[in-house]
Amino acid sequence: MKSITINGSQRESVGKKATKALRNAGQVPCVLYGGDKPVHFAAPELAFSKLVYTPNAHTVVINLEGGEVLKAVLQDIQFHPTTDRILHVDFYQLFDDKEIALDIPVQLVGNSKGVKNGGVLRRNNRKLRIKALPANLPDFIEIDITPLKIGDKVAVGDLPSGDYTFLHSDNTVVCQVRTSRTAVVDADDDEDEAGDVPATETDDTAAVQE
């Protein structure tokens, strides 16, 4: 998994007055959990842009003044309710020999047969939670939707797990192709399969693929 480096400095004062002063100076107060004790530090607000404003998952390398380097993942982030400025960030420390649970983006590739015939592609889960050692964390989970016909779906149990474990039940649906008013029977379906396709659909969404 790709990493983003954040340069910060440890902070000794963690009270409201010190925190307000940091924010006024363009710094974001942060806490790193998961180690022997919490590590309080601050980093420039601009340093978080590539980490926060992206759908991708990343690990983080935290470089602290003094030469200490810590690996982590983003755990929680707080925004100002009106300005959307970052107020506080929590991280969780990574260890090479300790598994971590993380939400990984789902990336769909290919053109579904069912969508070509007027079906609607539904993405039930855009991210999946997995558990793995840091070295085995993938950048994304790729699913080829080319074979999907109208009525087909992909569940967690259909996906190869690789060097990680899915923290979902096998019947959790990731994506599916549903019928629509403009849908037609897939050209290579036989009559029995065509009979299984619902004749109506309550969703009026046009037949487009996300």
# chains A, B, ... in the order shown; residues from 1 in each chain; ligands from 1
call {"tool": "residues_around", "arguments": {"residues": "Gly157 (chain A)", "least_positions_apart": "3", "cutoff": "8 Å", "atoms": "only C-alpha atoms", "output": "ChimeraX atom specification"}}
result
/A:160,169-172
call {"tool": "write_last_selection", "arguments": {"atoms": "all heavy atoms", "output": "PDB file, in the first residue's frame"}}
result
ATOM      1  N   PRO A 160     -11.376 -13.531  -4.054  1.00  0.00           N
ATOM      2  CA  PRO A 160     -10.182 -14.157  -3.473  1.00  0.00           C
ATOM      3  C   PRO A 160      -9.659 -13.289  -2.334  1.00  0.00           C
ATOM      4  O   PRO A 160      -9.635 -12.063  -2.436  1.00  0.00           O
ATOM      5  CB  PRO A 160      -9.200 -14.199  -4.645  1.00  0.00           C
ATOM      6  CG  PRO A 160      -9.631 -13.085  -5.542  1.00  0.00           C
ATOM      7  CD  PRO A 160     -11.132 -13.010  -5.424  1.00  0.00           C
ATOM      8  N   SER A 169     -19.461 -10.877   6.222  1.00  0.00           N
ATOM      9  CA  SER A 169     -20.006 -12.209   5.944  1.00  0.00           C
ATOM     10  C   SER A 169     -19.890 -12.489   4.452  1.00  0.00           C
ATOM     11  O   SER A 169     -19.860 -11.565   3.634  1.00  0.00           O
ATOM     12  CB  SER A 169     -21.471 -12.291   6.386  1.00  0.00           C
ATOM     13  OG  SER A 169     -22.258 -11.349   5.676  1.00  0.00           O
ATOM     14  N   ASP A 170     -19.814 -13.764   4.087  1.00  0.00           N
ATOM     15  CA  ASP A 170     -19.639 -14.146   2.684  1.00  0.00           C
ATOM     16  C   ASP A 170     -20.770 -13.666   1.787  1.00  0.00           C
ATOM     17  O   ASP A 170     -20.585 -13.458   0.588  1.00  0.00           O
ATOM     18  CB  ASP A 170     -19.506 -15.668   2.562  1.00  0.00           C
ATOM     19  CG  ASP A 170     -18.161 -16.186   3.042  1.00  0.00           C
ATOM     20  OD1 ASP A 170     -17.259 -15.356   3.258  1.00  0.00           O
ATOM     21  OD2 ASP A 170     -18.008 -17.409   3.208  1.00  0.00           O
ATOM     22  N   ASN A 171     -21.976 -13.488   2.355  1.00  0.00           N
ATOM     23  CA  ASN A 171     -23.116 -13.091   1.525  1.00  0.00           C
ATOM     24  C   ASN A 171     -23.286 -11.570   1.417  1.00  0.00           C
ATOM     25  O   ASN A 171     -24.279 -11.086   0.863  1.00  0.00           O
ATOM     26  CB  ASN A 171     -24.407 -13.720   2.046  1.00  0.00           C
ATOM     27  CG  ASN A 171     -24.727 -13.299   3.479  1.00  0.00           C
ATOM     28  OD1 ASN A 171     -23.984 -12.542   4.097  1.00  0.00           O
ATOM     29  ND2 ASN A 171     -25.830 -13.800   4.018  1.00  0.00           N
ATOM     30  N   THR A 172     -22.321 -10.805   1.918  1.00  0.00           N
ATOM     31  CA  THR A 172     -22.368  -9.347   1.766  1.00  0.00           C
ATOM     32  C   THR A 172     -22.187  -8.982   0.295  1.00  0.00           C
ATOM     33  O   THR A 172     -21.178  -9.320  -0.321  1.00  0.00           O
ATOM     34  CB  THR A 172     -21.261  -8.670   2.595  1.00  0.00           C
ATOM     35  OG1 THR A 172     -21.443  -8.977   3.980  1.00  0.00           O
ATOM     36  CG2 THR A 172     -21.288  -7.159   2.406  1.00  0.00           C
TER      37      THR A 172
END
call {"tool": "residues_around", "arguments": {"residues": "Phe79 (chain A)", "least_positions_apart": "5", "cutoff": "10 Å", "atoms": "only C-alpha atoms", "output": "MDAnalysis selection string"}}
result
chainID A and resid 84:89
call {"tool": "select_by_dssp", "arguments": {"residues": "region 57-117 of chain A", "states": "strand (DSSP E or B)", "output": "PyMOL selection string"}}
result
chain A and resi 59-64+69-79+86-93+100-109
call {"tool": "closest_atom_pairs", "arguments": {"of": "region 64-171 of chain A", "to": "region 26-49 of chain A", "cutoff": "12 Å", "atoms": "only C-alpha atoms", "output": "Markdown table"}}
result
| residue | atom | partner | partner_atom | distance |
| --- | --- | --- | --- | --- |
| A:Leu64 | CA | A:Phe41 | CA | 8.0 |
| A:Glu65 | CA | A:Phe41 | CA | 9.8 |
| A:Glu68 | CA | A:Val39 | CA | 11.3 |
| A:Val69 | CA | A:Val39 | CA | 11.9 |
| A:Leu70 | CA | A:Leu32 | CA | 9.1 |
| A:Lys71 | CA | A:Leu32 | CA | 9.7 |
| A:Ala72 | CA | A:Leu32 | CA | 7.8 |
| A:Val73 | CA | A:Leu32 | CA | 9.3 |
| A:Leu74 | CA | A:Leu32 | CA | 9.2 |
| A:Gln75 | CA | A:Tyr33 | CA | 9.1 |
| A:Asp76 | CA | A:Val31 | CA | 9.9 |
| A:Ile77 | CA | A:Cys30 | CA | 9.2 |
| A:Gln78 | CA | A:Val28 | CA | 10.3 |
| A:Phe79 | CA | A:Val28 | CA | 10.7 |
| A:His80 | CA | A:Val28 | CA | 11.9 |
| A:Asp84 | CA | A:Glu45 | CA | 11.8 |
| A:Arg85 | CA | A:Glu45 | CA | 8.4 |
| A:Ile86 | CA | A:Val28 | CA | 6.8 |
| A:Leu87 | CA | A:Val28 | CA | 6.2 |
| A:His88 | CA | A:Pro29 | CA | 5.4 |
| A:Val89 | CA | A:Cys30 | CA | 4.8 |
| A:Asp90 | CA | A:Val31 | CA | 5.0 |
| A:Phe91 | CA | A:Leu32 | CA | 4.6 |
| A:Tyr92 | CA | A:Tyr33 | CA | 4.8 |
| A:Gln93 | CA | A:Gly34 | CA | 5.1 |
| A:Leu94 | CA | A:Gly34 | CA | 7.7 |
| A:Phe95 | CA | A:Gly35 | CA | 9.1 |
| A:Lys98 | CA | A:Gly34 | CA | 10.8 |
| A:Ile100 | CA | A:Gly34 | CA | 10.7 |
call {"tool": "residues_around", "arguments": {"residues": "Val109 (chain A)", "least_positions_apart": "6", "cutoff": "8 Å", "atoms": "only C-alpha atoms", "output": "list in words"}}
result
Glu142, Ile143, Asp144, Ile145 and Thr146 of chain A
call {"tool": "residues_around", "arguments": {"residues": "Lys113 (chain A)", "least_positions_apart": "5", "cutoff": "7 Å", "atoms": "only C-alpha atoms", "output": "list in words"}}
result
Thr146, Pro147, Leu148 and Lys149 of chain A
call {"tool": "atom_distance", "arguments": {"atom1": "CA of Pro134 (chain A)", "atom2": "CA of Phe166 (chain A)"}}
result
14.7 Å
call {"tool": "closest_atom_pairs", "arguments": {"of": "region 123-142 of chain A", "to": "region 53-57 of chain A", "cutoff": "9 Å", "atoms": "only C-alpha atoms", "output": "tab-separated table"}}
result
residue	atom	partner	partner_atom	distance
A:Pro138	CA	A:Ala57	CA	8.7
A:Asp139	CA	A:Ala57	CA	6.3
A:Phe140	CA	A:Ala57	CA	7.6
call {"tool": "write_last_selection", "arguments": {"atoms": "all heavy atoms", "output": "JSON list (two decimals), in the first residue's frame"}}
result
[["chain", "number", "residue", "atom", "x", "y", "z"],
["A", 138, "PRO", "N", -3.57, -4.14, 0.57],
["A", 138, "PRO", "CA", -3.64, -3.75, -0.85],
["A", 138, "PRO", "C", -4.05, -2.29, -1.01],
["A", 138, "PRO", "O", -4.68, -1.72, -0.11],
["A", 138, "PRO", "CB", -4.71, -4.69, -1.41],
["A", 138, "PRO", "CG", -5.64, -4.90, -0.25],
["A", 138, "PRO", "CD", -4.76, -4.91, 0.98],
["A", 139, "ASP", "N", -3.71, -1.69, -2.15],
["A", 139, "ASP", "CA", -4.16, -0.32, -2.44],
["A", 139, "ASP", "C", -5.65, -0.29, -2.70],
["A", 139, "ASP", "O", -6.34, 0.69, -2.38],
["A", 139, "ASP", "CB", -3.42, 0.24, -3.65],
["A", 139, "ASP", "CG", -1.95, 0.47, -3.36],
["A", 139, "ASP", "OD1", -1.64, 0.98, -2.27],
["A", 139, "ASP", "OD2", -1.11, 0.15, -4.21],
["A", 140, "PHE", "N", -6.17, -1.35, -3.32],
["A", 140, "PHE", "CA", -7.59, -1.46, -3.62],
["A", 140, "PHE", "C", -7.93, -2.92, -3.87],
["A", 140, "PHE", "O", -7.04, -3.76, -4.04],
["A", 140, "PHE", "CB", -7.97, -0.60, -4.85],
["A", 140, "PHE", "CG", -7.12, -0.88, -6.05],
["A", 140, "PHE", "CD1", -7.39, -1.95, -6.91],
["A", 140, "PHE", "CD2", -6.02, -0.07, -6.35],
["A", 140, "PHE", "CE1", -6.60, -2.21, -8.01],
["A", 140, "PHE", "CE2", -5.22, -0.33, -7.46],
["A", 140, "PHE", "CZ", -5.51, -1.40, -8.28]]
call {"tool": "closest_residue", "arguments": {"among": "A:Ser13, A:Asn124, A:Ser180, A:Thr59", "to": "Leu102 (chain A)", "atoms": "only C-alpha atoms"}}
result
A:Thr59
call {"tool": "residues_around", "arguments": {"residues": "Gly114 (chain A)", "least_positions_apart": "3", "cutoff": "7 Å", "atoms": "only C-alpha atoms", "output": "ChimeraX atom specification"}}
result
/A:117-119,148-150,177,186
call {"tool": "write_last_selection", "arguments": {"atoms": "N, CA and C atoms", "output": "PDB file, in the first residue's frame"}}
result
ATOM      1  N   ASN A 117     -26.871  -4.223 -21.941  1.00  0.00           N
ATOM      2  CA  ASN A 117     -28.232  -4.565 -22.351  1.00  0.00           C
ATOM      3  C   ASN A 117     -29.296  -3.770 -21.594  1.00  0.00           C
ATOM      4  N   GLY A 118     -28.875  -2.703 -20.948  1.00  0.00           N
ATOM      5  CA  GLY A 118     -29.849  -1.814 -20.314  1.00  0.00           C
ATOM      6  C   GLY A 118     -29.987  -1.969 -18.825  1.00  0.00           C
ATOM      7  N   GLY A 119     -29.234  -2.863 -18.213  1.00  0.00           N
ATOM      8  CA  GLY A 119     -29.304  -3.030 -16.760  1.00  0.00           C
ATOM      9  C   GLY A 119     -28.622  -1.885 -16.035  1.00  0.00           C
ATOM     10  N   LEU A 148     -20.835 -10.058 -15.667  1.00  0.00           N
ATOM     11  CA  LEU A 148     -22.111  -9.891 -14.979  1.00  0.00           C
ATOM     12  C   LEU A 148     -23.260  -9.610 -15.945  1.00  0.00           C
ATOM     13  N   LYS A 149     -24.295 -10.447 -15.865  1.00  0.00           N
ATOM     14  CA  LYS A 149     -25.513 -10.252 -16.642  1.00  0.00           C
ATOM     15  C   LYS A 149     -26.586  -9.639 -15.735  1.00  0.00           C
ATOM     16  N   ILE A 150     -27.707  -9.300 -16.301  1.00  0.00           N
ATOM     17  CA  ILE A 150     -28.807  -8.755 -15.511  1.00  0.00           C
ATOM     18  C   ILE A 150     -29.233  -9.793 -14.477  1.00  0.00           C
ATOM     19  N   VAL A 177     -25.979  -6.182 -10.884  1.00  0.00           N
ATOM     20  CA  VAL A 177     -26.605  -5.590 -12.062  1.00  0.00           C
ATOM     21  C   VAL A 177     -28.103  -5.879 -11.973  1.00  0.00           C
ATOM     22  N   ASP A 186     -30.209 -10.586 -22.065  1.00  0.00           N
ATOM     23  CA  ASP A 186     -28.848 -10.740 -22.574  1.00  0.00           C
ATOM     24  C   ASP A 186     -28.849 -11.649 -23.788  1.00  0.00           C
TER      25      ASP A 186
END
call {"tool": "decode", "arguments": {"residues": "region 143-169 of chain A", "atoms": "N, CA, C and O atoms", "output": "short mmCIF file (atom, residue, chain, number, x, y, z; two decimals), in the first residue's frame"}}
result
data_model
loop_
_atom_site.label_atom_id
_atom_site.label_comp_id
_atom_site.auth_asym_id
_atom_site.auth_seq_id
_atom_site.Cartn_x
_atom_site.Cartn_y
_atom_site.Cartn_z
N ILE A 143 -12.36 -5.80 -8.91
CA ILE A 143 -13.40 -6.75 -9.32
C ILE A 143 -13.69 -6.54 -10.81
O ILE A 143 -14.03 -5.43 -11.22
N ASP A 144 -13.58 -7.61 -11.59
CA ASP A 144 -13.90 -7.56 -13.01
C ASP A 144 -15.40 -7.84 -13.18
O ASP A 144 -15.87 -8.94 -12.90
N ILE A 145 -16.14 -6.83 -13.63
CA ILE A 145 -17.59 -6.98 -13.74
C ILE A 145 -18.03 -7.37 -15.16
O ILE A 145 -19.24 -7.46 -15.42
N THR A 146 -17.07 -7.64 -16.06
CA THR A 146 -17.41 -7.96 -17.44
C THR A 146 -18.42 -9.10 -17.58
O THR A 146 -19.36 -9.00 -18.37
N PRO A 147 -18.29 -10.21 -16.82
CA PRO A 147 -19.22 -11.33 -17.02
C PRO A 147 -20.62 -11.11 -16.45
O PRO A 147 -21.52 -11.92 -16.71
N LEU A 148 -20.83 -10.06 -15.67
CA LEU A 148 -22.11 -9.89 -14.98
C LEU A 148 -23.26 -9.61 -15.94
O LEU A 148 -23.22 -8.67 -16.73
N LYS A 149 -24.29 -10.45 -15.86
CA LYS A 149 -25.51 -10.25 -16.64
C LYS A 149 -26.59 -9.64 -15.73
O LYS A 149 -26.39 -9.48 -14.52
N ILE A 150 -27.71 -9.30 -16.30
CA ILE A 150 -28.81 -8.76 -15.51
C ILE A 150 -29.23 -9.79 -14.48
O ILE A 150 -29.49 -10.95 -14.79
N GLY A 151 -29.27 -9.38 -13.22
CA GLY A 151 -29.62 -10.28 -12.13
C GLY A 151 -28.42 -10.85 -11.41
O GLY A 151 -28.57 -11.42 -10.33
N ASP A 152 -27.22 -10.70 -11.97
CA ASP A 152 -26.01 -11.22 -11.33
C ASP A 152 -25.52 -10.27 -10.25
O ASP A 152 -25.77 -9.06 -10.30
N LYS A 153 -24.79 -10.83 -9.29
CA LYS A 153 -24.20 -10.02 -8.23
C LYS A 153 -22.86 -10.60 -7.82
O LYS A 153 -22.56 -11.77 -8.10
N VAL A 154 -22.05 -9.78 -7.19
CA VAL A 154 -20.77 -10.23 -6.64
C VAL A 154 -20.83 -10.03 -5.13
O VAL A 154 -21.08 -8.92 -4.65
N ALA A 155 -20.60 -11.11 -4.39
CA ALA A 155 -20.60 -11.06 -2.93
C ALA A 155 -19.17 -11.26 -2.42
O ALA A 155 -18.27 -11.68 -3.15
N VAL A 156 -18.96 -10.96 -1.16
CA VAL A 156 -17.63 -11.09 -0.56
C VAL A 156 -17.11 -12.52 -0.70
O VAL A 156 -15.93 -12.75 -0.95
N GLY A 157 -18.00 -13.50 -0.59
CA GLY A 157 -17.59 -14.89 -0.71
C GLY A 157 -17.08 -15.26 -2.09
O GLY A 157 -16.43 -16.30 -2.26
N ASP A 158 -17.35 -14.41 -3.09
CA ASP A 158 -16.87 -14.67 -4.45
C ASP A 158 -15.47 -14.12 -4.69
O ASP A 158 -14.88 -14.38 -5.75
N LEU A 159 -14.94 -13.37 -3.75
CA LEU A 159 -13.67 -12.69 -3.95
C LEU A 159 -12.51 -13.49 -3.35
O LEU A 159 -12.64 -14.05 -2.26
N PRO A 160 -11.38 -13.53 -4.05
CA PRO A 160 -10.18 -14.16 -3.47
C PRO A 160 -9.66 -13.29 -2.33
O PRO A 160 -9.63 -12.06 -2.44
N SER A 161 -9.26 -13.91 -1.25
CA SER A 161 -8.83 -13.14 -0.07
C SER A 161 -7.35 -12.81 -0.09
O SER A 161 -6.91 -11.86 0.55
N GLY A 162 -6.54 -13.58 -0.80
CA GLY A 162 -5.11 -13.29 -0.86
C GLY A 162 -4.48 -13.40 0.51
O GLY A 162 -4.73 -14.34 1.27
N ASP A 163 -3.67 -12.40 0.85
CA ASP A 163 -2.96 -12.40 2.14
C ASP A 163 -3.70 -11.60 3.20
O ASP A 163 -3.08 -11.10 4.15
N TYR A 164 -4.99 -11.44 3.03
CA TYR A 164 -5.79 -10.71 4.01
C TYR A 164 -7.12 -11.41 4.22
O TYR A 164 -7.52 -12.28 3.44
N THR A 165 -7.83 -11.01 5.27
CA THR A 165 -9.11 -11.60 5.62
C THR A 165 -10.20 -10.55 5.56
O THR A 165 -10.03 -9.44 6.10
N PHE A 166 -11.31 -10.87 4.89
CA PHE A 166 -12.44 -9.95 4.85
C PHE A 166 -13.20 -9.99 6.17
O PHE A 166 -13.48 -11.07 6.70
N LEU A 167 -13.54 -8.82 6.69
CA LEU A 167 -14.30 -8.74 7.94
C LEU A 167 -15.78 -8.52 7.65
O LEU A 167 -16.44 -7.68 8.26
N HIS A 168 -16.29 -9.26 6.68
CA HIS A 168 -17.70 -9.22 6.30
C HIS A 168 -18.17 -10.66 6.13
O HIS A 168 -17.36 -11.57 5.90
N SER A 169 -19.46 -10.88 6.22
CA SER A 169 -20.01 -12.21 5.94
C SER A 169 -19.89 -12.49 4.45
O SER A 169 -19.86 -11.56 3.63
#
